[in-house]
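Data file: start-v8.csv. Format and content: CSV, C-alpha atoms.
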```csv
chain,number,residue,atom,x,y,z
L,19,MET,CA,0.0,0.0,0.0
L,20,GLY,CA,1.8,3.1,-1.2
L,21,THR,CA,1.2,6.7,0.0
L,22,ASN,CA,-1.6,7.2,-2.6
L,23,LEU,CA,-3.2,3.9,-1.8
L,24,LEU,CA,-3.0,4.8,1.9
L,25,ASP,CA,-4.7,8.1,1.2
L,26,ALA,CA,-7.4,6.3,-0.8
L,27,GLU,CA,-8.0,3.9,2.0
L,28,LEU,CA,-8.2,6.7,4.6
L,29,VAL,CA,-10.6,8.6,2.4
L,30,LYS,CA,-12.7,5.5,2.0
L,31,ARG,CA,-12.9,5.2,5.7
L,32,VAL,CA,-13.7,8.9,6.2
L,33,GLN,CA,-16.5,8.5,3.7
L,34,ALA,CA,-17.8,5.6,5.7
L,35,GLY,CA,-18.0,7.8,8.8
L,36,ASP,CA,-14.6,7.2,10.4
L,37,THR,CA,-13.5,10.6,11.6
L,38,ALA,CA,-10.2,9.3,13.1
L,39,ALA,CA,-9.1,8.5,9.5
L,40,PHE,CA,-9.5,12.2,8.7
L,41,ASP,CA,-7.2,13.0,11.6
L,42,ILE,CA,-4.5,10.9,10.0
L,43,LEU,CA,-4.9,12.8,6.7
L,44,VAL,CA,-4.7,16.1,8.7
L,45,GLN,CA,-1.6,15.1,10.5
L,46,LYS,CA,-0.1,14.0,7.2
L,47,TYR,CA,-0.8,17.1,5.1
L,48,GLN,CA,-1.1,20.0,7.7
L,49,HIS,CA,2.4,21.4,7.1
L,50,LYS,CA,2.1,21.1,3.3
L,51,VAL,CA,-1.2,23.0,3.4
L,52,VAL,CA,0.2,25.7,5.7
L,53,ASN,CA,3.1,26.2,3.3
L,54,LEU,CA,0.7,26.4,0.3
L,55,VAL,CA,-1.6,28.9,2.0
L,56,GLY,CA,1.5,30.8,3.2
L,57,ARG,CA,2.2,31.6,-0.5
L,58,PHE,CA,-1.0,33.5,-0.7
L,59,VAL,CA,-1.2,35.0,2.8
L,60,SER,CA,1.9,36.4,4.6
L,61,ASP,CA,0.3,36.7,8.0
L,62,LYS,CA,1.1,33.4,9.9
L,63,ALA,CA,-2.0,33.6,12.1
L,64,GLU,CA,-4.3,34.1,9.1
L,65,CYS,CA,-2.4,31.3,7.4
L,66,TYR,CA,-3.3,28.8,10.1
L,67,ASP,CA,-7.0,30.0,10.2
L,68,ILE,CA,-7.3,29.5,6.4
L,69,THR,CA,-5.6,26.1,6.7
L,70,GLN,CA,-8.2,25.1,9.3
L,71,ASP,CA,-11.0,26.4,7.1
L,72,ALA,CA,-9.6,24.4,4.1
L,73,PHE,CA,-9.5,21.2,6.1
L,74,ILE,CA,-13.0,21.7,7.4
L,75,LYS,CA,-14.2,22.4,3.8
L,76,ALA,CA,-12.4,19.2,2.6
L,77,TYR,CA,-14.1,17.2,5.3
L,78,ARG,CA,-17.5,18.5,4.5
L,79,ALA,CA,-17.0,17.8,0.8
L,80,ILE,CA,-15.2,14.5,1.1
L,81,GLY,CA,-18.4,12.6,0.3
L,82,ASN,CA,-18.1,14.0,-3.2
L,83,PHE,CA,-14.5,13.0,-3.7
L,84,ARG,CA,-14.5,10.2,-6.2
L,85,GLY,CA,-10.7,9.6,-6.4
L,86,ASP,CA,-10.4,10.9,-10.0
L,87,SER,CA,-7.4,12.8,-8.8
L,88,GLN,CA,-5.0,12.3,-5.9
L,89,PHE,CA,-6.4,13.3,-2.5
L,90,TYR,CA,-3.6,15.8,-1.9
L,91,THR,CA,-4.2,17.4,-5.3
L,92,TRP,CA,-7.9,17.8,-4.4
L,93,LEU,CA,-7.0,19.1,-0.9
L,94,TYR,CA,-4.4,21.6,-2.3
L,95,ARG,CA,-7.0,22.9,-4.7
L,96,ILE,CA,-9.5,23.5,-1.9
L,97,ALA,CA,-6.8,25.2,0.2
L,98,ALA,CA,-5.7,27.4,-2.7
L,99,ASN,CA,-9.3,28.4,-3.4
L,100,THR,CA,-10.0,29.1,0.3
L,101,ALA,CA,-6.9,31.4,0.4
L,102,LYS,CA,-8.0,33.2,-2.7
L,103,ASN,CA,-11.5,33.7,-1.5
L,104,TYR,CA,-10.2,34.9,1.8
L,105,LEU,CA,-8.0,37.5,0.1
L,106,ALA,CA,-11.0,38.6,-2.1
L,107,SER,CA,-13.3,39.0,0.9
L,108,ARG,CA,-10.6,40.8,2.9
L,109,ALA,CA,-10.2,43.3,0.1
L,110,ARG,CA,-13.9,44.0,0.0
L,111,LYS,CA,-14.5,44.6,3.7
L,112,SER,CA,-12.8,47.0,6.2
L,113,PRO,CA,-11.3,45.7,9.5
L,114,GLY,CA,-14.1,44.6,11.8
L,115,TYR,CA,-12.8,46.1,15.0
L,116,THR,CA,-12.6,49.5,16.5
L,117,ILE,CA,-9.8,50.7,18.8
L,118,ASP,CA,-9.2,53.8,20.9
L,119,ILE,CA,-6.4,56.0,19.7
L,120,GLU,CA,-4.6,55.5,23.0
L,121,ASP,CA,-4.5,51.8,22.6
L,122,ALA,CA,-3.4,51.9,19.0
L,123,GLU,CA,0.3,51.8,19.9
L,124,HIS,CA,-0.1,48.4,21.5
L,125,PHE,CA,-2.7,47.0,19.1
L,126,GLU,CA,-1.5,44.1,17.0
L,127,GLY,CA,-4.7,43.2,15.3
L,128,GLU,CA,-6.5,39.9,15.4
L,129,SER,CA,-3.4,37.9,14.6
L,130,GLY,CA,-1.6,39.2,17.6
L,131,LEU,CA,-4.0,37.3,19.8
L,132,LYS,CA,-3.4,33.9,18.4
L,133,GLU,CA,-1.2,31.8,20.7
L,134,TYR,CA,0.7,30.0,17.9
L,135,ALA,CA,2.1,33.2,16.5
L,136,THR,CA,4.5,33.5,19.5
L,137,PRO,CA,8.2,33.7,19.8
L,138,GLU,CA,8.1,30.4,21.7
L,139,ASN,CA,6.7,28.6,18.7
L,140,LEU,CA,9.3,30.2,16.5
L,141,LEU,CA,11.9,28.9,18.9
L,142,LEU,CA,10.4,25.5,19.0
L,143,THR,CA,10.4,25.3,15.2
L,144,GLU,CA,14.0,26.2,15.1
L,145,GLU,CA,14.8,23.7,17.8
L,146,ILE,CA,13.0,20.9,15.9
L,147,LYS,CA,15.0,21.7,12.7
L,148,LYS,CA,18.3,21.8,14.5
L,149,THR,CA,17.6,18.5,16.3
L,150,VAL,CA,16.6,16.7,13.1
L,151,PHE,CA,19.6,17.9,11.1
L,152,ALA,CA,22.0,17.2,14.0
L,153,ALA,CA,20.5,13.6,14.3
L,154,ILE,CA,20.9,13.1,10.6
L,155,GLU,CA,24.5,14.2,10.7
L,156,ALA,CA,25.2,11.8,13.5
L,157,LEU,CA,23.8,8.8,11.5
L,158,PRO,CA,26.0,6.1,10.1
L,159,GLU,CA,26.6,6.7,6.4
L,160,ASP,CA,24.4,3.9,5.1
L,161,LEU,CA,21.4,5.1,7.1
L,162,LYS,CA,22.0,8.8,6.2
L,163,SER,CA,22.2,8.0,2.5
L,164,ALA,CA,19.0,5.9,2.6
L,165,ILE,CA,16.9,8.5,4.5
L,166,THR,CA,18.3,11.4,2.4
L,167,LEU,CA,17.6,9.6,-0.9
L,168,ARG,CA,14.1,8.9,0.3
L,169,GLU,CA,13.0,12.1,1.9
L,170,MET,CA,15.0,14.7,0.0
L,171,GLU,CA,15.4,13.2,-3.4
L,172,GLY,CA,12.0,11.4,-3.3
L,173,LEU,CA,13.4,8.1,-4.7
L,174,SER,CA,11.4,4.9,-4.4
L,175,TYR,CA,12.7,1.9,-2.5
L,176,GLU,CA,13.6,0.2,-5.8
L,177,GLU,CA,15.6,3.3,-7.0
L,178,ILE,CA,17.4,3.5,-3.7
L,179,ALA,CA,18.2,-0.2,-3.8
L,180,GLU,CA,19.8,0.4,-7.2
L,181,VAL,CA,21.7,3.4,-6.1
L,182,MET,CA,23.0,1.8,-2.9
L,183,ASP,CA,23.4,-1.6,-4.6
L,184,CYS,CA,21.6,-3.5,-1.9
L,185,PRO,CA,18.3,-5.5,-1.6
L,186,ILE,CA,15.0,-3.6,-1.2
L,187,GLY,CA,14.6,-5.2,2.2
L,188,THR,CA,17.8,-3.6,3.4
L,189,VAL,CA,16.6,-0.2,2.1
L,190,ARG,CA,13.4,-0.6,4.0
L,191,SER,CA,15.2,-1.5,7.1
L,192,ARG,CA,17.8,1.4,6.8
L,193,ILE,CA,15.1,4.0,6.3
L,194,PHE,CA,13.2,2.8,9.3
L,195,ARG,CA,16.3,2.7,11.5
L,196,ALA,CA,17.3,6.2,10.4
L,197,ARG,CA,13.8,7.4,11.3
L,198,ASP,CA,13.8,5.7,14.6
L,199,VAL,CA,17.2,7.2,15.6
L,200,ILE,CA,16.0,10.7,14.6
L,201,ASP,CA,12.7,10.2,16.4
L,202,LYS,CA,14.4,9.3,19.6
L,203,GLU,CA,16.0,12.8,19.6
L,204,LEU,CA,12.8,14.6,18.4
L,205,ARG,CA,10.3,13.0,20.8
L,206,PRO,CA,11.4,14.9,24.0
L,207,LEU,CA,10.8,18.2,22.2
L,208,LEU,CA,7.2,17.5,21.3
L,209,GLU,CA,6.0,15.9,24.6
W,1,MET,CA,11.9,-0.4,17.8
W,2,SER,CA,9.1,-2.8,16.8
W,3,GLU,CA,7.9,-4.5,13.7
W,4,LEU,CA,4.8,-2.4,13.8
W,5,ASP,CA,6.9,0.8,13.7
W,6,GLU,CA,8.8,-0.5,10.7
W,7,LYS,CA,5.6,-1.2,8.9
W,8,LEU,CA,4.4,2.3,9.8
W,9,SER,CA,7.6,3.6,8.2
W,10,VAL,CA,7.0,1.6,5.1
W,11,ILE,CA,3.3,2.6,4.9
W,12,LEU,CA,4.3,6.3,4.9
W,13,ASP,CA,6.6,5.7,1.9
W,14,GLN,CA,5.5,4.9,-1.6
W,15,TYR,CA,6.6,1.3,-1.3
W,16,SER,CA,4.7,-1.5,0.3
W,17,ASP,CA,3.2,-4.7,-1.0
W,18,ASP,CA,2.7,-5.9,2.5
W,19,GLU,CA,-0.5,-7.7,2.9
W,20,HIS,CA,-0.6,-6.7,6.5
W,21,SER,CA,-0.7,-3.0,5.7
W,22,GLU,CA,-4.4,-2.8,6.3
W,23,ALA,CA,-3.8,-4.3,9.7
W,24,VAL,CA,-1.2,-1.5,10.4
W,25,LEU,CA,-3.7,1.1,9.3
W,26,ASN,CA,-6.3,-0.4,11.7
W,27,GLU,CA,-3.7,-0.3,14.4
W,28,LEU,CA,-2.8,3.3,13.6
W,29,LEU,CA,-6.4,4.4,13.9
W,30,ASP,CA,-6.7,2.8,17.3
W,31,ASP,CA,-3.3,3.6,18.8
W,32,VAL,CA,-2.8,7.2,19.7
W,33,ASN,CA,0.9,6.6,20.5
W,34,LEU,CA,1.4,5.2,17.0
W,35,GLN,CA,-0.3,8.2,15.6
W,36,TYR,CA,2.1,10.5,17.4
W,37,LYS,CA,5.0,8.4,16.0
W,38,MET,CA,3.6,8.7,12.5
W,39,ARG,CA,3.3,12.5,13.0
W,40,ARG,CA,7.0,12.6,14.1
W,41,TYR,CA,8.0,10.5,11.1
W,42,GLN,CA,6.1,12.9,8.9
W,43,MET,CA,7.7,15.9,10.6
W,44,ILE,CA,11.2,14.5,10.0
W,45,GLY,CA,10.5,14.3,6.2
W,46,ASP,CA,9.0,17.9,6.3
W,47,VAL,CA,12.1,19.2,8.0
W,48,MET,CA,14.4,17.5,5.5
W,49,ARG,CA,12.4,18.9,2.6
W,50,HIS,CA,12.3,22.3,4.2
W,51,GLU,CA,8.5,22.1,4.3
W,52,LEU,CA,8.1,22.8,8.0
W,53,PRO,CA,6.4,26.2,8.6
W,54,ASP,CA,8.4,28.9,10.2
W,55,ARG,CA,6.2,28.9,13.3
W,56,ILE,CA,4.9,25.4,13.9
W,57,ASN,CA,1.5,25.0,15.5
W,58,LEU,CA,1.5,21.7,17.3
W,59,ASP,CA,-2.2,22.0,18.2
W,60,LEU,CA,-3.3,22.6,14.6
W,61,SER,CA,-4.5,19.1,14.0
W,62,HIS,CA,-6.4,19.1,17.4
W,63,GLN,CA,-8.0,22.4,16.5
W,64,ILE,CA,-9.0,21.2,13.1
W,65,MET,CA,-10.4,17.9,14.5
W,66,SER,CA,-12.3,19.6,17.2
W,67,GLN,CA,-14.1,21.7,14.5
W,68,VAL,CA,-14.5,18.7,12.2
W,69,ARG,CA,-16.3,16.7,14.9
W,70,GLN,CA,-18.9,19.4,15.1
W,71,VAL,CA,-19.7,19.4,11.4
W,72,GLU,CA,-21.2,16.7,9.2
W,73,PRO,CA,-19.9,16.0,5.7
W,74,ASP,CA,-22.2,17.4,3.1
W,75,GLU,CA,-22.2,18.4,-0.5
W,76,SER,CA,-23.0,22.0,-0.2
W,77,SER,CA,-19.4,23.2,0.2
W,78,VAL,CA,-18.4,21.4,-2.9
W,79,ALA,CA,-20.9,23.5,-4.9
W,80,ILE,CA,-19.3,26.6,-3.3
W,81,GLU,CA,-15.8,25.6,-4.2
W,82,LYS,CA,-16.9,24.9,-7.8
W,83,THR,CA,-18.5,28.3,-8.3
W,84,THR,CA,-15.6,30.2,-6.8
W,85,GLY,CA,-12.7,28.1,-8.1
W,86,TRP,CA,-11.9,25.8,-11.0
W,87,GLY,CA,-15.5,24.8,-11.4
W,88,PHE,CA,-16.5,28.3,-12.4
W,89,ALA,CA,-13.9,28.5,-15.1
W,90,LEU,CA,-14.8,25.1,-16.3
W,91,SER,CA,-18.5,25.9,-16.5
W,92,TRP,CA,-17.8,29.2,-18.4
W,93,ALA,CA,-15.4,27.3,-20.8
W,94,MET,CA,-18.2,24.8,-21.5
W,95,LEU,CA,-20.9,27.5,-22.0
W,96,LYS,CA,-18.7,29.7,-24.3
W,97,PRO,CA,-19.1,27.7,-27.6
W,98,PHE,CA,-22.9,27.5,-27.0
W,99,THR,CA,-23.1,31.2,-26.6
W,100,GLY,CA,-21.3,31.7,-29.9
W,101,ILE,CA,-23.7,29.3,-31.6
W,102,ALA,CA,-26.7,31.0,-30.1
W,103,VAL,CA,-25.5,34.4,-31.4
W,104,ALA,CA,-24.8,33.0,-34.9
W,105,ALA,CA,-28.3,31.4,-34.9
W,106,SER,CA,-30.0,34.6,-34.0
W,107,VAL,CA,-28.2,36.5,-36.8
W,108,ALA,CA,-29.1,33.9,-39.3
W,109,MET,CA,-32.8,34.0,-38.2
W,110,ILE,CA,-32.9,37.8,-38.6
W,111,SER,CA,-31.2,37.6,-42.0
W,112,ILE,CA,-33.7,35.0,-43.3
W,113,SER,CA,-36.7,36.9,-42.0
W,114,LEU,CA,-35.5,40.1,-43.6
W,115,TRP,CA,-34.9,38.4,-46.9
W,116,GLN,CA,-38.4,36.9,-46.8
W,117,THR,CA,-40.2,40.2,-46.1
W,118,ALA,CA,-38.2,42.2,-48.6
W,119,PRO,CA,-40.0,43.2,-51.9
W,120,VAL,CA,-39.2,41.2,-54.9
W,121,ASN,CA,-37.1,43.1,-57.4
W,122,PRO,CA,-38.6,43.6,-60.9
W,123,GLN,CA,-37.3,41.5,-63.7
W,124,PRO,CA,-34.3,43.2,-65.1
W,125,ASN,CA,-34.8,41.8,-68.6
W,126,SER,CA,-38.2,43.2,-69.4
W,127,ASP,CA,-38.0,46.6,-67.7
W,128,GLY,CA,-34.4,47.0,-68.8
W,129,ASN,CA,-35.4,46.6,-72.4
W,130,GLN,CA,-38.1,49.2,-72.1
W,131,LEU,CA,-35.7,51.7,-70.5
W,132,VAL,CA,-33.1,51.2,-73.2
W,133,SER,CA,-35.7,51.5,-75.9
W,134,ALA,CA,-36.9,54.8,-74.4
W,135,GLU,CA,-33.4,56.2,-74.1
W,136,GLN,CA,-32.7,55.1,-77.7
W,137,GLN,CA,-35.7,57.0,-78.9
W,138,LYS,CA,-34.4,60.2,-77.1
W,139,ILE,CA,-31.0,59.9,-78.6
W,140,GLU,CA,-32.3,59.4,-82.1
W,141,LYS,CA,-34.5,62.5,-81.6
W,142,LEU,CA,-31.6,64.6,-80.4
W,143,ALA,CA,-29.4,63.4,-83.3
W,144,SER,CA,-32.0,64.3,-85.8
W,145,GLN,CA,-32.3,67.9,-84.5
W,146,PRO,CA,-30.1,70.6,-86.2
W,147,ILE,CA,-27.2,72.2,-84.1
W,148,ARG,CA,-28.0,75.7,-83.0
W,149,GLY,CA,-25.7,78.7,-82.9
W,150,ASN,CA,-21.9,78.3,-83.2
W,151,ALA,CA,-21.8,74.9,-81.7
W,152,VAL,CA,-20.2,72.2,-83.7
W,153,THR,CA,-20.0,68.5,-83.0
W,154,VAL,CA,-16.8,67.2,-81.6
W,155,SER,CA,-16.6,64.5,-84.0
W,156,SER,CA,-16.8,66.8,-87.0
W,157,ASN,CA,-14.0,69.0,-85.5
W,158,LEU,CA,-11.5,66.2,-84.7
W,159,GLY,CA,-12.0,64.4,-87.9
W,160,GLY,CA,-10.0,61.1,-87.3
W,161,GLY,CA,-10.2,60.8,-83.5
W,162,THR,CA,-10.9,57.7,-81.5
W,163,ARG,CA,-14.5,56.6,-81.9
W,164,TRP,CA,-16.4,54.0,-80.2
W,165,THR,CA,-18.7,52.4,-82.5
W,166,VAL,CA,-21.3,50.6,-80.4
W,167,LYS,CA,-23.9,48.6,-82.2
W,168,GLN,CA,-26.7,49.7,-80.0
W,169,ASP,CA,-29.3,48.6,-82.3
W,170,THR,CA,-28.6,45.0,-81.7
W,171,PRO,CA,-31.1,43.7,-79.1
W,172,ALA,CA,-28.7,41.2,-77.6
W,173,ILE,CA,-26.1,44.0,-76.9
W,174,GLN,CA,-28.8,46.3,-75.6
W,175,GLN,CA,-30.0,43.6,-73.2
W,176,LYS,CA,-26.4,42.8,-72.1
W,177,LEU,CA,-25.5,46.5,-71.5
W,178,ASN,CA,-28.7,47.1,-69.5
W,179,ALA,CA,-28.0,44.0,-67.4
W,180,TYR,CA,-24.5,45.4,-66.6
W,181,LEU,CA,-26.0,48.7,-65.7
W,182,VAL,CA,-28.6,47.2,-63.4
W,183,ASN,CA,-26.1,44.9,-61.7
W,184,HIS,CA,-23.6,47.7,-61.3
W,185,THR,CA,-26.3,49.9,-59.7
W,186,GLU,CA,-27.4,47.2,-57.3
W,187,TYR,CA,-24.0,46.0,-56.1
W,188,SER,CA,-21.9,49.1,-56.3
W,189,ASN,CA,-20.6,50.6,-53.1
W,190,SER,CA,-23.3,53.2,-52.8
W,191,MET,CA,-26.6,53.7,-51.1
W,192,GLN,CA,-28.3,51.7,-53.8
W,193,GLY,CA,-25.9,48.9,-53.2
W,194,LEU,CA,-26.6,48.9,-49.5
W,195,ILE,CA,-30.3,49.2,-49.9
W,196,PRO,CA,-31.3,46.8,-52.6
W,197,GLN,CA,-35.0,47.5,-52.2
W,198,ALA,CA,-34.4,51.1,-53.5
W,199,ARG,CA,-33.4,50.3,-57.0
W,200,VAL,CA,-32.3,52.9,-59.6
W,201,ALA,CA,-31.5,51.5,-63.0
W,202,GLY,CA,-31.1,53.0,-66.5
W,203,PHE,CA,-29.4,56.0,-68.0
W,204,ASP,CA,-30.4,59.4,-69.2
W,205,ALA,CA,-28.5,61.0,-72.1
W,206,GLU,CA,-29.5,64.5,-70.9
W,207,GLN,CA,-27.7,64.3,-67.6
```

Turn the structure described in the file into structure tokens.
Amino acid sequence: MGTNLLDAELVKRVQAGDTAAFDILVQKYQHKVVNLVGRFVSDKAECYDITQDAFIKAYRAIGNFRGDSQFYTWLYRIAANTAKNYLASRARKSPGYTIDIEDAEHFEGESGLKEYATPENLLLTEEIKKTVFAAIEALPEDLKSAITLREMEGLSYEEIAEVMDCPIGTVRSRIFRARDVIDKELRPLLE
Amino acid sequence: MSELDEKLSVILDQYSDDEHSEAVLNELLDDVNLQYKMRRYQMIGDVMRHELPDRINLDLSHQIMSQVRQVEPDESSVAIEKTTGWGFALSWAMLKPFTGIAVAASVAMISISLWQTAPVNPQPNSDGNQLVSAEQQKIEKLASQPIRGNAVTVSSNLGGGTRWTVKQDTPAIQQKLNAYLVNHTEYSNSMQGLIPQARVAGFDAEQ
């Protein structure tokens, strides 16, 4: 079961009423959707709100998804349209809040109130990146090559086996071991 | 490090012919810890591909799912997406040729109805012959009259100049000339040409 088949199976389960399956899809694609929306909207807080809207729209519409395209293509289209509609509606209406002139100096707008747009989150993100790359650097060469070819180059297991001149089973094992080592470093940061 | 973790790693990649994958998926849906592991595996890939947002929101999936649990899947939002996104462009693209055909059909209908209601032109042969005959009579009358005063005919002054000898008395030639005249009047780039109903044909030697 490849990624696309995994998505197809998850979609099938969501359509059958399994909400937990949608949670897996959200966890899988949340960062990609945030990045996509971030190309339309520069404000990070708005970016997360639009991402949330896009996922909810996708959930509401998933009954109509027939699998003619890949799930992520369909999801990205919804996210892009949600971002465009948001920009269009924002251009039409004026800000929906009133502030006193005395408070204006300290006013950051709606986005300033969102807890995820904090320096702590920025710091956490930096810490996650640093930890992952440090763990990759510390990996034995065969594991490092396997995980790099898979995640950064996007090669399939067969292609990696050809490049590294080893059986597919070895590739599968090396990728998993690399992930497991990195995960052990990453886990404490996210708990 | 467990076999299940390895299967999870495999299931996330684009390679697996494992017949137990569905069992892993069932396990994944039931086991929260396994879900967290999947999330971290996914995050490792996102970091390596530089796809991790600048400010990560660890609660995003929880926030989304808490909203999702309050809504029911329906078809209405799909319609909204279609009218505001690709669907709108597609529907316009599909309608466009039909609009062109409709306009062309309307123009054709108007043209046909105008053609049917327009008065029928008189027969050029019969009337044309009559006109030419009348003009011929006038010319003959003028030619027979004596020249008054000091005026002299050009032909008598020039003597051997270029002369067009038209055999106007031949009925076939008269008919042909008149047909040319009528056709020219009808189709020339003038008001008569544009309004074929108002037809002026013939010639007058006095003008």

Subject >> Long-range neighbours of region 22-29 of chain L as a VMD selection string, 10 Å cut-off, all atoms listed in the file, 6 positions minimum in chain >> reply: (chain L and resid 35 to 43 46 77 80 to 81 83 to 85 88 to 90) or (chain W and resid 11 to 14 16 21 to 22 25 29)

Original post:
Got a sec: who's within 12 Å of Gln63 (chain W), counting only C-alpha atoms, leaving out chain neighbours fewer than 2 positions off, as a list in words?
Top reply: Asp41, Val44, Gln45, Gln48, Tyr66, Asp67, Thr69, Gln70, Asp71, Phe73, Ile74 and Tyr134 of chain L; Asn57, Leu58, Asp59, Leu60, Ser61, Met65, Ser66, Gln67, Val68, Arg69 and Gln70 of chain W

**OP:** Give me the residues within 10 Å of Ala196 (chain L) as a list of chain:residue names, counting all atoms listed in the file and dropping any in the same chain fewer than 5 places off.
**Re:**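 Within the cut-off, the hits are L:Ala153, L:Ile154, L:Leu157, L:Pro158, L:Asp160, L:Leu161, L:Lys162, L:Ser163, L:Ala164, L:Ile165, L:Thr166, L:Ser191, L:Asp201.
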
**OP:** Write out as a PyMOL selection string which residues come within 9 Å of Arg49 (chain W) when counting all atoms listed in the file, dropping same-chain ones fewer than 3 positions away.
**Re:** (chain L and resi 169-171) or (chain W and resi 44-46+52)

Pick out the residues sitting within 12 Å of Glu177 (chain L), and hand them over as a compact mmCIF listing (two decimals) with C-alpha atoms, in the coordinates of the input; count all atoms listed in the file, and ignore anything fewer than 3 positions along from it in its own chain.
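The new file selection.txt reads:
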```
# COMPACT_ATOMS: atom_id res chain seq x y z
CA ALA L 164 19.00 5.90 2.60
CA LEU L 167 17.60 9.60 -0.90
CA ARG L 168 14.10 8.90 0.30
CA GLU L 171 15.40 13.20 -3.40
CA GLY L 172 12.00 11.40 -3.30
CA LEU L 173 13.40 8.10 -4.70
CA SER L 174 11.40 4.90 -4.40
CA GLU L 180 19.80 0.40 -7.20
CA VAL L 181 21.70 3.40 -6.10
CA MET L 182 23.00 1.80 -2.90
CA ASP L 183 23.40 -1.60 -4.60
CA CYS L 184 21.60 -3.50 -1.90
CA PRO L 185 18.30 -5.50 -1.60
CA ILE L 186 15.00 -3.60 -1.20
CA VAL L 189 16.60 -0.20 2.10
CA ARG L 190 13.40 -0.60 4.00
CA GLN W 14 5.50 4.90 -1.60
CA TYR W 15 6.60 1.30 -1.30
```

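Across the model, the gap from CA of Val47 (chain W) to CA of Thr143 (chain L) is 9.6 Å.
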
Subject >> CA of Gln33 (chain L) to CA of Asp31 (chain W), distance in Å rounded to a single decimal >> reply: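 Distance between the two atoms: 20.6 Å.
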
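Going from CA of Leu93 (chain L) over to CA of Ala76 (chain L), you cover 6.4 Å.
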
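Restricting the calculation to all atoms listed in the file, the smallest distance between chain W and any of L:Glu159, L:Phe194, L:Lys102, L:Ala63 is found for L:Phe194.
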
**OP:** Counting only C-alpha atoms, figure out which residue out of W:Leu34, W:Met48, W:Val107, W:Val182 gets nearest to chain L.
**Re:** W:Met48

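Distances here use only C-alpha atoms; by that measure, the residue among L:Phe58, L:Leu204, L:Ala179, L:Trp92 closest to chain W is L:Leu204.
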
Subject >> Exercise: residues within 10 Å of coordinate (0.6, 24.1, 0.9), counting all atoms listed in the file, as a count of residues only >> reply: 21

Since the input has fewer atoms than a full residue there, write region 35-49 of chain W out with N, CA and C atoms, as a PDB file, in the frame of the given file.
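Result file is rebuild18.pdb:
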```pdb
ATOM      1  N   GLN W  35      -0.010   7.023  16.357  1.00  0.00           N
ATOM      2  CA  GLN W  35      -0.300   8.200  15.600  1.00  0.00           C
ATOM      3  C   GLN W  35       0.701   9.332  15.834  1.00  0.00           C
ATOM      4  N   TYR W  36       1.110   9.480  17.101  1.00  0.00           N
ATOM      5  CA  TYR W  36       2.100  10.500  17.400  1.00  0.00           C
ATOM      6  C   TYR W  36       3.449  10.133  16.705  1.00  0.00           C
ATOM      7  N   LYS W  37       3.733   8.832  16.676  1.00  0.00           N
ATOM      8  CA  LYS W  37       5.000   8.400  16.000  1.00  0.00           C
ATOM      9  C   LYS W  37       4.878   8.716  14.503  1.00  0.00           C
ATOM     10  N   MET W  38       3.746   8.435  13.919  1.00  0.00           N
ATOM     11  CA  MET W  38       3.600   8.700  12.500  1.00  0.00           C
ATOM     12  C   MET W  38       3.748  10.246  12.243  1.00  0.00           C
ATOM     13  N   ARG W  39       3.216  11.027  13.157  1.00  0.00           N
ATOM     14  CA  ARG W  39       3.300  12.500  13.000  1.00  0.00           C
ATOM     15  C   ARG W  39       4.792  12.916  13.081  1.00  0.00           C
ATOM     16  N   ARG W  40       5.581  12.285  13.976  1.00  0.00           N
ATOM     17  CA  ARG W  40       7.000  12.600  14.100  1.00  0.00           C
ATOM     18  C   ARG W  40       7.761  12.172  12.820  1.00  0.00           C
ATOM     19  N   TYR W  41       7.418  10.989  12.342  1.00  0.00           N
ATOM     20  CA  TYR W  41       8.000  10.500  11.100  1.00  0.00           C
ATOM     21  C   TYR W  41       7.756  11.479   9.944  1.00  0.00           C
ATOM     22  N   GLN W  42       6.517  11.919   9.915  1.00  0.00           N
ATOM     23  CA  GLN W  42       6.100  12.900   8.900  1.00  0.00           C
ATOM     24  C   GLN W  42       6.871  14.185   9.022  1.00  0.00           C
ATOM     25  N   MET W  43       7.032  14.601  10.272  1.00  0.00           N
ATOM     26  CA  MET W  43       7.700  15.900  10.600  1.00  0.00           C
ATOM     27  C   MET W  43       9.203  15.780  10.150  1.00  0.00           C
ATOM     28  N   ILE W  44       9.815  14.632  10.352  1.00  0.00           N
ATOM     29  CA  ILE W  44      11.200  14.500  10.000  1.00  0.00           C
ATOM     30  C   ILE W  44      11.359  14.728   8.438  1.00  0.00           C
ATOM     31  N   GLY W  45      10.461  14.137   7.690  1.00  0.00           N
ATOM     32  CA  GLY W  45      10.500  14.300   6.200  1.00  0.00           C
ATOM     33  C   GLY W  45      10.221  15.806   5.876  1.00  0.00           C
ATOM     34  N   ASP W  46       9.263  16.441   6.567  1.00  0.00           N
ATOM     35  CA  ASP W  46       9.000  17.900   6.300  1.00  0.00           C
ATOM     36  C   ASP W  46      10.173  18.741   6.588  1.00  0.00           C
ATOM     37  N   VAL W  47      10.877  18.448   7.671  1.00  0.00           N
ATOM     38  CA  VAL W  47      12.100  19.200   8.000  1.00  0.00           C
ATOM     39  C   VAL W  47      13.139  19.040   6.937  1.00  0.00           C
ATOM     40  N   MET W  48      13.354  17.789   6.545  1.00  0.00           N
ATOM     41  CA  MET W  48      14.400  17.500   5.500  1.00  0.00           C
ATOM     42  C   MET W  48      14.084  18.151   4.198  1.00  0.00           C
ATOM     43  N   ARG W  49      12.815  18.248   3.854  1.00  0.00           N
ATOM     44  CA  ARG W  49      12.400  18.900   2.600  1.00  0.00           C
ATOM     45  C   ARG W  49      12.199  20.370   2.715  1.00  0.00           C
TER      46      ARG W  49
END
```
